[in-house]
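Colleague: Provided herewith is a single structure, encoded as C-alpha cells, for subsequent inquiry.
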Amino acid sequence: MSLQAARRRKQAILRWVVVGLVLTFFALPLFGMLEFTTRGAGGSGRSLDTWAKLVDFGTIDANYPDLKEGLIASAGLAVLTVVIMLVLLVPTMTWVRLRLPGLRRTVEFICLLPLTIPAIVLVVGLTPVYAWVTYLLSEDTIWLCFAYVVLVLPYAYRALDAGLGAIDVKTLSEAGRSLGASWFRIMIRIILPNLRTAVLSASFLAVALVLGEFTIANLYSRVNLQVAIFRLGKSDAQVSVAVALAALAFAFAVLFALSFVGVTRREARSPFTRRGRRRAKES
Amino acid sequence: MGVLPFFAYTTIFLLIPTLVVAIGAFLGADNTFTTSNVRALSQPAIVSSLEHSVILSAVTSVVGAVVGGLLAYAVTTAREGGTLRRLVTSLCGVLAQFGGVTLAFAFIATVGLQGFLTLRLQSIGIDLGNSTWLFEWNKGLMLVYTYFQIPLMLIVFLPAVEGLRPQWREAAETLGGSAWDYWRRVGGPILAPSFIGATLLLFTNAFSAYATAAALVSQGSPILPLNIAGTFSSEVILGQENIGKAMALAMVAVVAVVMTLYALLERRTSKWLGR
C-alpha cells in the first residue's frame with residue numbers, strides 16, 4: 001500500500017508541475033489579448049472602452065460594416081453547413097449500414113479523404129467548381145458552405161459513426177417498418193432522436209470549424225468572421241482582438257458545457273479514435 | 001438509391017477538385033500536356049519553401065507530441081470525470097482549432113514589439129530582441145505552431161493513455177519492477193505506436209496550416225502553403241496557377257505518404273488497445 005501511496009504523491013507532483021507549466025504557456029497569449037484590449041487611449045492606463053464598443057450593437061452596425069457582414073455570413077454558413085452535412089451523412093450512413101454494407105469502406109474512405117487534402121489545395125481545385133456555383137447561384141459568401149461541408153466530413157463521419165454503432169439500427173428500423181412507418185418517418189422519428197449526442201457533437205464540430213475558417217474565404221475574397229477580424233486588425237486592432245477573444249471564449253464555454261452532457265462527446269470530437277464503439281458495446 | 005446524393009456531392013466538391021489539381025499540374029498555359037510545371041518545382045524558391053515547411057512541421061510536431069504527450073499522461077493521473085480533466089480537454093478542444101488570425105494576434109499582443117511580455121521583460125532588463133523574430137518561419141512561426149500542436153496532441157493521444165490498464169502496472173510491481181522498468185518494458189512499447197501515429201498526424205496538421213502563417217507573415221513566402229496562395233492570387237505571370245497546382249500536388253503527395261504511415265500504425269495500435 002505504501003508503494004502505491006508514494007506513487008500517488010509523485011504523480012500528483014508531476015501532474016501539477018506539467019499541467020501548471022503547459023497551462024501557463026496556453027494562458028500567456030490569451031492574457032496578452034486581454035491586456036491589449038484593455039489598454040487605455042495613448043497606450044497608458046486601463047480602460048474598458050473596447051469592450052463597451054463591442055457590447056453596443058448600434059456602433060458595430062454603423063462603424064464596422066465588415067464585422068457585421070462577416071458575423072452574419074459566418075452564422076449563416078454555420079447553420080447551412082450543419083444542415084447539409086446532416087442531410088447528406090445521416091441517411092447515407094444509415095442506409096449503408098442497413099442495406100449496403102459492402103459500400104461502408106468506400107464511404108469511410110471518401111469521408112476521411114479531406115484529411116489528406118489541405119484546405120489550400122482544395123481552394124486550388126475548387127476554383128472551376130466555384131466558377132459554376134457563382135454562375136448558377138451567386139457570388140454570395142453563403143455558398144462557401146459547400147466547401148465547408150467537405151472540410152467537416154472526416155470529423156462528422158467519425159462522430160456519427162460512433163453514434164450509429166451505439167444503437168441497433170437494424171432492429172429499430174425493422175420494428176418501425178413492421179408498424180407501418182415510412183422510411184422518412186423512421187429517419188426523423190427513430191434514427192435521429194437516437195443519435196442525439198452524435199448529431200450534437202458533429203454539429204458542434206461543424207460550427208467550430210466554420211467559425212474558425214479563414215483559408216478558403218480569404219482566398220476567394222469572401223468576407224466571413226475570420227476575414228473580417230483579419231481586415232479589422234489593420235484599422236482597429238483593439239476591437240478585432242476583442243472580437244477574436246470573445247469568439248474563443250464562446251467556443252470554450254460551449255465545449256465545457258458539452259463535456260457535462262455527451263457520453264460519446266470526447267470520442268466524437270476526436271475523429272481518430274473508435275472508443276465510442278467499444279464503450280457502447282460494454283454498456 | 002439512398003446513397004446517390006452523397007456520391008454526387010462528394011464527386012462535385014471533393015473528387016473533381018482533386019482531379020483538377022492532379023491534371024492541372026500537367027497542363028501548360030495552352031492546355032497541352034507538359035511536365036514543365038512539375039519541373040518548375042525545382043526552382044530554388046519553391047524548394048526552399050518546401051524545405052522550410054517540412055522542417056517547421058517536423059520540429060513543431062515533435063515538440064508538440066512530447067509536451068502534449070506528457071500533458072495527456074499528467075491529466076490521466078487525475079480523477080476521471082473530475083474538473084481538471086474536463087477543463088483541460090475542453091480547453092485543448094478549443095485551442096486545437098484556434099489557428100489562424102486570432103492566434104497571430106494573440107502572439108503579437110504578447111511578444112510583439114508592444115506586447116505585454118516584451119514590455120514586462122524589458123522593464124526587468126531582458127530584451128527579446130527586435131520584434132521581427134516573431135515573423136520568421138524558424139522562430140516565431142515555430143513557437144506559434146507549437147501553440148496549436150500541443151492541444152491537438154492531447155486530444156489525439158489521451159485515449160491511448162487512458163487505455164493503459166492499472167492492472168499492468170500492478171503486475172509489473174508485483175514482479176518487482178520499478179517505475180522505470182514499467183515504462184521501458186510495458187507502458188512505453190504499448191504507447192509507442194499511437195505516439196508515433198499522433199506525431200505523424202501533428203506533422204500533417206502543421207504542414208497543411210495556412211491561416212496562421214498568412215496572418216503573421218506579410219512579406220515573402222517562406223512556407224509552401226503561402227507560396228501556393230501566392231500563385232493563386234497573382235495574375236502577373238500566366239501559367240503560374242498551374243505551377244501552383246503542381247505545388248499543391250506535391251503537398252498532397254507528402255501528406256498522403258504520412259497519412260498512409262499513420263493508418264498502418266493505427267491498425268497496429270488498435271490491436272493493443274483492444275478496440
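Each chain of the C-alpha cells is named A, B, ... in the order shown, its residues numbered from 1; ligands are numbered from 1 in display order.
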Please run DSSP on the backbone and report, as a PyMOL selection string, all residues within range 125-273 of chain A that come out as alpha helix (DSSP H).

Modeller: chain A and resi 125-136+145-166+169-178+183-186+192-194+196-212+215-219+225-235+237-258+265-269

Colleague: Which residues of chain B have any atom within 7 Å of an atom in chain A when counting only C-alpha atoms, and what is the closest pair of atoms for each, with the distance in Å to one decimal? Order the rows by chain and rising number and write it as a Markdown table.

Modeller:
| residue | atom | partner | partner_atom | distance |
| --- | --- | --- | --- | --- |
| B:Gly2 | CA | A:Thr92 | CA | 6.3 |
| B:Val3 | CA | A:Thr92 | CA | 5.1 |
| B:Pro5 | CA | A:Leu88 | CA | 6.9 |
| B:Phe6 | CA | A:Leu88 | CA | 5.7 |
| B:Phe13 | CA | A:Ala147 | CA | 6.6 |
| B:Leu14 | CA | A:Val150 | CA | 6.9 |
| B:Pro17 | CA | A:Gly125 | CA | 3.9 |
| B:Thr18 | CA | A:Gly125 | CA | 5.9 |
| B:Val20 | CA | A:Gly125 | CA | 5.2 |
| B:Val21 | CA | A:Gly125 | CA | 5.2 |
| B:Leu71 | CA | A:Val18 | CA | 6.1 |
| B:Ala74 | CA | A:Arg15 | CA | 4.5 |
| B:Val75 | CA | A:Arg15 | CA | 6.7 |
| B:Thr77 | CA | A:Gln11 | CA | 6.6 |
| B:Arg86 | CA | A:Ser259 | CA | 6.5 |
| B:Leu87 | CA | A:Phe256 | CA | 6.8 |
| B:Ser90 | CA | A:Phe256 | CA | 5.3 |
| B:Leu91 | CA | A:Phe252 | CA | 6.3 |
| B:Val94 | CA | A:Phe252 | CA | 5.8 |
| B:Gly100 | CA | A:Phe214 | CA | 7.0 |
| B:Val101 | CA | A:Phe230 | CA | 6.1 |
| B:Thr102 | CA | A:Ala244 | CA | 5.6 |
| B:Phe105 | CA | A:Val241 | CA | 6.7 |
| B:Ala106 | CA | A:Pro29 | CA | 5.0 |
| B:Phe107 | CA | A:Pro29 | CA | 5.6 |
| B:Ala109 | CA | A:Gly32 | CA | 5.2 |
| B:Thr110 | CA | A:Gly32 | CA | 4.6 |
| B:Phe116 | CA | A:Gly32 | CA | 6.1 |
| B:Ile155 | CA | A:Ser270 | CA | 6.4 |
| B:Val156 | CA | A:Ser270 | CA | 6.4 |
| B:Ser208 | CA | A:Pro118 | CA | 5.0 |
| B:Tyr210 | CA | A:Thr215 | CA | 6.5 |
| B:Ala211 | CA | A:Thr215 | CA | 5.6 |
| B:Pro225 | CA | A:Ile120 | CA | 6.5 |
| B:Lys245 | CA | A:Val124 | CA | 6.8 |
| B:Ala248 | CA | A:Val121 | CA | 5.3 |
| B:Val252 | CA | A:Ile117 | CA | 5.9 |
| B:Val255 | CA | A:Thr116 | CA | 5.7 |
| B:Ala256 | CA | A:Thr116 | CA | 5.8 |
| B:Met259 | CA | A:Thr116 | CA | 6.9 |
| B:Arg275 | CA | A:Arg278 | CA | 6.2 |

Colleague: Need the shell around Leu67 in chain A: protein/DNA/RNA residues with any atom at most 8 Å away, counting only C-alpha atoms. Skip same-chain ones fewer than 6 positions apart. Format as a PyMOL selection string?

Modeller: chain A and resi 60+225+228-229+232

Colleague: Work out how far CA of Leu216 in chain B is from CA of Asp49 in chain A, in Å to one decimal.

Modeller: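 Calculated distance between CA of Asp49 in chain A and CA of Leu216 in chain B is 26.3 Å.
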
Colleague: Near Leu195 in chain A, counting only C-alpha atoms, which residues have an atom at most 10 Å away, once you skip same-chain residues fewer than 5 positions from it, shown as a list in words?

Modeller: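 My list of contacting residues is Val90, Ala159, Leu160, Asp161, Ala162, Gly163, Leu164, Gly165, Ala166, Ile167, Ile190 and Leu200 of chain A.
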
Colleague: Let me make sure I understand: among B:Leu19, B:Ile108, B:Ala214, B:Ile223, which one has the smallest atom-to-atom distance to Val47 in chain B if we use only C-alpha atoms?

Modeller: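 The shortest atom-to-atom distance to Val47 in chain B comes from B:Ile223.
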
Colleague: Need to verify the contact set: range 75-77 of chain A, 9 Å, only C-alpha atoms, exclusion of same-chain residues closer than 2 positions in sequence. Can you return it as a list in words?

Modeller: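 What passes the distance filter is Gly70, Leu71, Ile72, Ala73, Val79, Leu80, Thr81, Val82, Thr141, Ile142, Trp143, Leu144, Cys145, Tyr148, Val207, Val210, Leu211, Asn224 and Leu225 of chain A.
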
Colleague: Can you write out the residues you just picked, keeping all heavy atoms, as a compact mmCIF listing (two decimals), in the first residue's frame?

Modeller:
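Listed below is the output, part23.txt:
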# COMPACT_ATOMS: atom_id res chain seq x y z
N GLY A 70 -19.39 39.91 -41.75
CA GLY A 70 -18.71 38.66 -41.50
C GLY A 70 -19.42 37.80 -40.48
O GLY A 70 -19.53 36.59 -40.64
N LEU A 71 -19.92 38.45 -39.44
CA LEU A 71 -20.62 37.73 -38.37
C LEU A 71 -21.88 37.08 -38.91
O LEU A 71 -22.15 35.89 -38.67
CB LEU A 71 -20.96 38.72 -37.25
CG LEU A 71 -21.19 38.12 -35.86
CD1 LEU A 71 -19.94 37.37 -35.42
CD2 LEU A 71 -21.54 39.21 -34.87
N ILE A 72 -22.65 37.85 -39.68
CA ILE A 72 -23.88 37.31 -40.26
C ILE A 72 -23.56 36.17 -41.22
O ILE A 72 -24.17 35.10 -41.18
CB ILE A 72 -24.68 38.42 -40.98
CG1 ILE A 72 -25.17 39.44 -39.95
CG2 ILE A 72 -25.84 37.84 -41.76
CD1 ILE A 72 -25.85 40.64 -40.55
N ALA A 73 -22.54 36.39 -42.06
CA ALA A 73 -22.16 35.36 -43.03
C ALA A 73 -21.74 34.08 -42.31
O ALA A 73 -22.17 32.98 -42.68
CB ALA A 73 -21.03 35.86 -43.91
N VAL A 79 -25.02 27.42 -39.88
CA VAL A 79 -26.31 26.73 -39.93
C VAL A 79 -26.41 25.88 -41.19
O VAL A 79 -26.73 24.68 -41.15
CB VAL A 79 -27.46 27.76 -39.90
CG1 VAL A 79 -28.80 27.08 -40.12
CG2 VAL A 79 -27.46 28.51 -38.58
N LEU A 80 -26.09 26.49 -42.33
CA LEU A 80 -26.24 25.79 -43.61
C LEU A 80 -25.31 24.58 -43.70
O LEU A 80 -25.69 23.51 -44.19
CB LEU A 80 -25.95 26.77 -44.74
CG LEU A 80 -26.81 26.61 -46.00
CD1 LEU A 80 -28.27 26.69 -45.64
CD2 LEU A 80 -26.46 27.68 -47.02
N THR A 81 -24.08 24.76 -43.20
CA THR A 81 -23.12 23.65 -43.25
C THR A 81 -23.62 22.48 -42.42
O THR A 81 -23.57 21.33 -42.86
CB THR A 81 -21.75 24.12 -42.71
OG1 THR A 81 -21.34 25.27 -43.45
CG2 THR A 81 -20.71 23.04 -42.86
N VAL A 82 -24.13 22.79 -41.22
CA VAL A 82 -24.64 21.72 -40.36
C VAL A 82 -25.80 21.00 -41.04
O VAL A 82 -25.85 19.76 -41.08
CB VAL A 82 -25.09 22.30 -38.99
CG1 VAL A 82 -25.92 21.29 -38.23
CG2 VAL A 82 -23.89 22.72 -38.18
N THR A 141 -21.23 35.00 -50.05
CA THR A 141 -20.35 34.22 -49.16
C THR A 141 -20.98 32.91 -48.73
O THR A 141 -20.30 31.90 -48.54
CB THR A 141 -20.03 35.05 -47.90
OG1 THR A 141 -19.62 36.35 -48.30
CG2 THR A 141 -18.96 34.40 -47.06
N ILE A 142 -22.30 32.93 -48.59
CA ILE A 142 -23.02 31.79 -48.02
C ILE A 142 -22.74 30.48 -48.77
O ILE A 142 -22.76 29.41 -48.18
CB ILE A 142 -24.55 32.09 -47.98
CG1 ILE A 142 -25.26 31.19 -46.97
CG2 ILE A 142 -25.19 31.95 -49.33
CD1 ILE A 142 -25.21 31.70 -45.58
N TRP A 143 -22.45 30.56 -50.06
CA TRP A 143 -22.25 29.33 -50.83
C TRP A 143 -20.92 28.65 -50.54
O TRP A 143 -20.67 27.55 -51.01
CB TRP A 143 -22.39 29.61 -52.34
CG TRP A 143 -23.69 30.26 -52.66
CD1 TRP A 143 -23.89 31.44 -53.31
CD2 TRP A 143 -25.00 29.77 -52.33
NE1 TRP A 143 -25.23 31.73 -53.38
CE2 TRP A 143 -25.93 30.73 -52.78
CE3 TRP A 143 -25.48 28.65 -51.66
CZ2 TRP A 143 -27.30 30.59 -52.61
CZ3 TRP A 143 -26.85 28.50 -51.48
CH2 TRP A 143 -27.74 29.46 -51.96
N LEU A 144 -20.10 29.29 -49.71
CA LEU A 144 -18.89 28.59 -49.28
C LEU A 144 -19.25 27.37 -48.45
O LEU A 144 -18.41 26.49 -48.22
CB LEU A 144 -18.02 29.52 -48.43
CG LEU A 144 -17.26 30.64 -49.15
CD1 LEU A 144 -16.45 31.43 -48.15
CD2 LEU A 144 -16.36 30.06 -50.20
N CYS A 145 -20.53 27.30 -48.02
CA CYS A 145 -20.95 26.16 -47.20
C CYS A 145 -20.65 24.84 -47.90
O CYS A 145 -20.34 23.85 -47.24
CB CYS A 145 -22.43 26.28 -46.86
SG CYS A 145 -23.50 26.25 -48.28
N TYR A 148 -17.22 23.98 -47.07
CA TYR A 148 -17.08 23.72 -45.64
C TYR A 148 -17.59 22.33 -45.26
O TYR A 148 -17.05 21.69 -44.37
CB TYR A 148 -17.80 24.80 -44.82
CG TYR A 148 -17.11 26.15 -44.88
CD1 TYR A 148 -17.63 27.26 -44.22
CD2 TYR A 148 -15.93 26.32 -45.60
CE1 TYR A 148 -17.01 28.49 -44.28
CE2 TYR A 148 -15.30 27.55 -45.66
CZ TYR A 148 -15.85 28.64 -45.00
OH TYR A 148 -15.23 29.85 -45.06
N VAL A 207 -19.79 23.73 -36.47
CA VAL A 207 -19.89 25.15 -36.12
C VAL A 207 -18.52 25.71 -35.77
O VAL A 207 -18.11 26.77 -36.27
CB VAL A 207 -20.87 25.35 -34.94
CG1 VAL A 207 -20.82 26.78 -34.43
CG2 VAL A 207 -22.28 24.99 -35.37
N VAL A 210 -16.46 26.13 -38.92
CA VAL A 210 -16.91 27.23 -39.77
C VAL A 210 -16.53 28.58 -39.16
O VAL A 210 -16.05 29.47 -39.86
CB VAL A 210 -18.43 27.15 -40.00
CG1 VAL A 210 -18.94 28.41 -40.69
CG2 VAL A 210 -18.79 25.92 -40.81
N LEU A 211 -16.71 28.71 -37.84
CA LEU A 211 -16.39 29.98 -37.21
C LEU A 211 -14.90 30.30 -37.31
O LEU A 211 -14.50 31.45 -37.31
CB LEU A 211 -16.81 29.98 -35.73
CG LEU A 211 -18.31 30.00 -35.47
CD1 LEU A 211 -18.59 30.10 -33.98
CD2 LEU A 211 -19.00 31.15 -36.20
N ASN A 224 -16.00 36.37 -44.24
CA ASN A 224 -16.64 35.69 -43.11
C ASN A 224 -16.03 36.26 -41.82
O ASN A 224 -15.28 37.23 -41.88
CB ASN A 224 -16.49 34.16 -43.21
CG ASN A 224 -15.06 33.69 -43.00
OD1 ASN A 224 -14.17 34.47 -42.69
ND2 ASN A 224 -14.85 32.41 -43.17
N LEU A 225 -16.39 35.66 -40.69
CA LEU A 225 -15.96 36.25 -39.42
C LEU A 225 -14.44 36.44 -39.35
O LEU A 225 -13.95 37.52 -39.01
CB LEU A 225 -16.44 35.37 -38.27
CG LEU A 225 -16.09 35.89 -36.87
CD1 LEU A 225 -16.75 37.22 -36.59
CD2 LEU A 225 -16.47 34.87 -35.81

Colleague: So the first atom is CA of Thr24 in chain A and the second is CA of Val67 in chain B; what is the distance between them in Å, to one decimal place?

Modeller: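 Between CA of Thr24 in chain A and CA of Val67 in chain B the gap works out to 13.0 Å.
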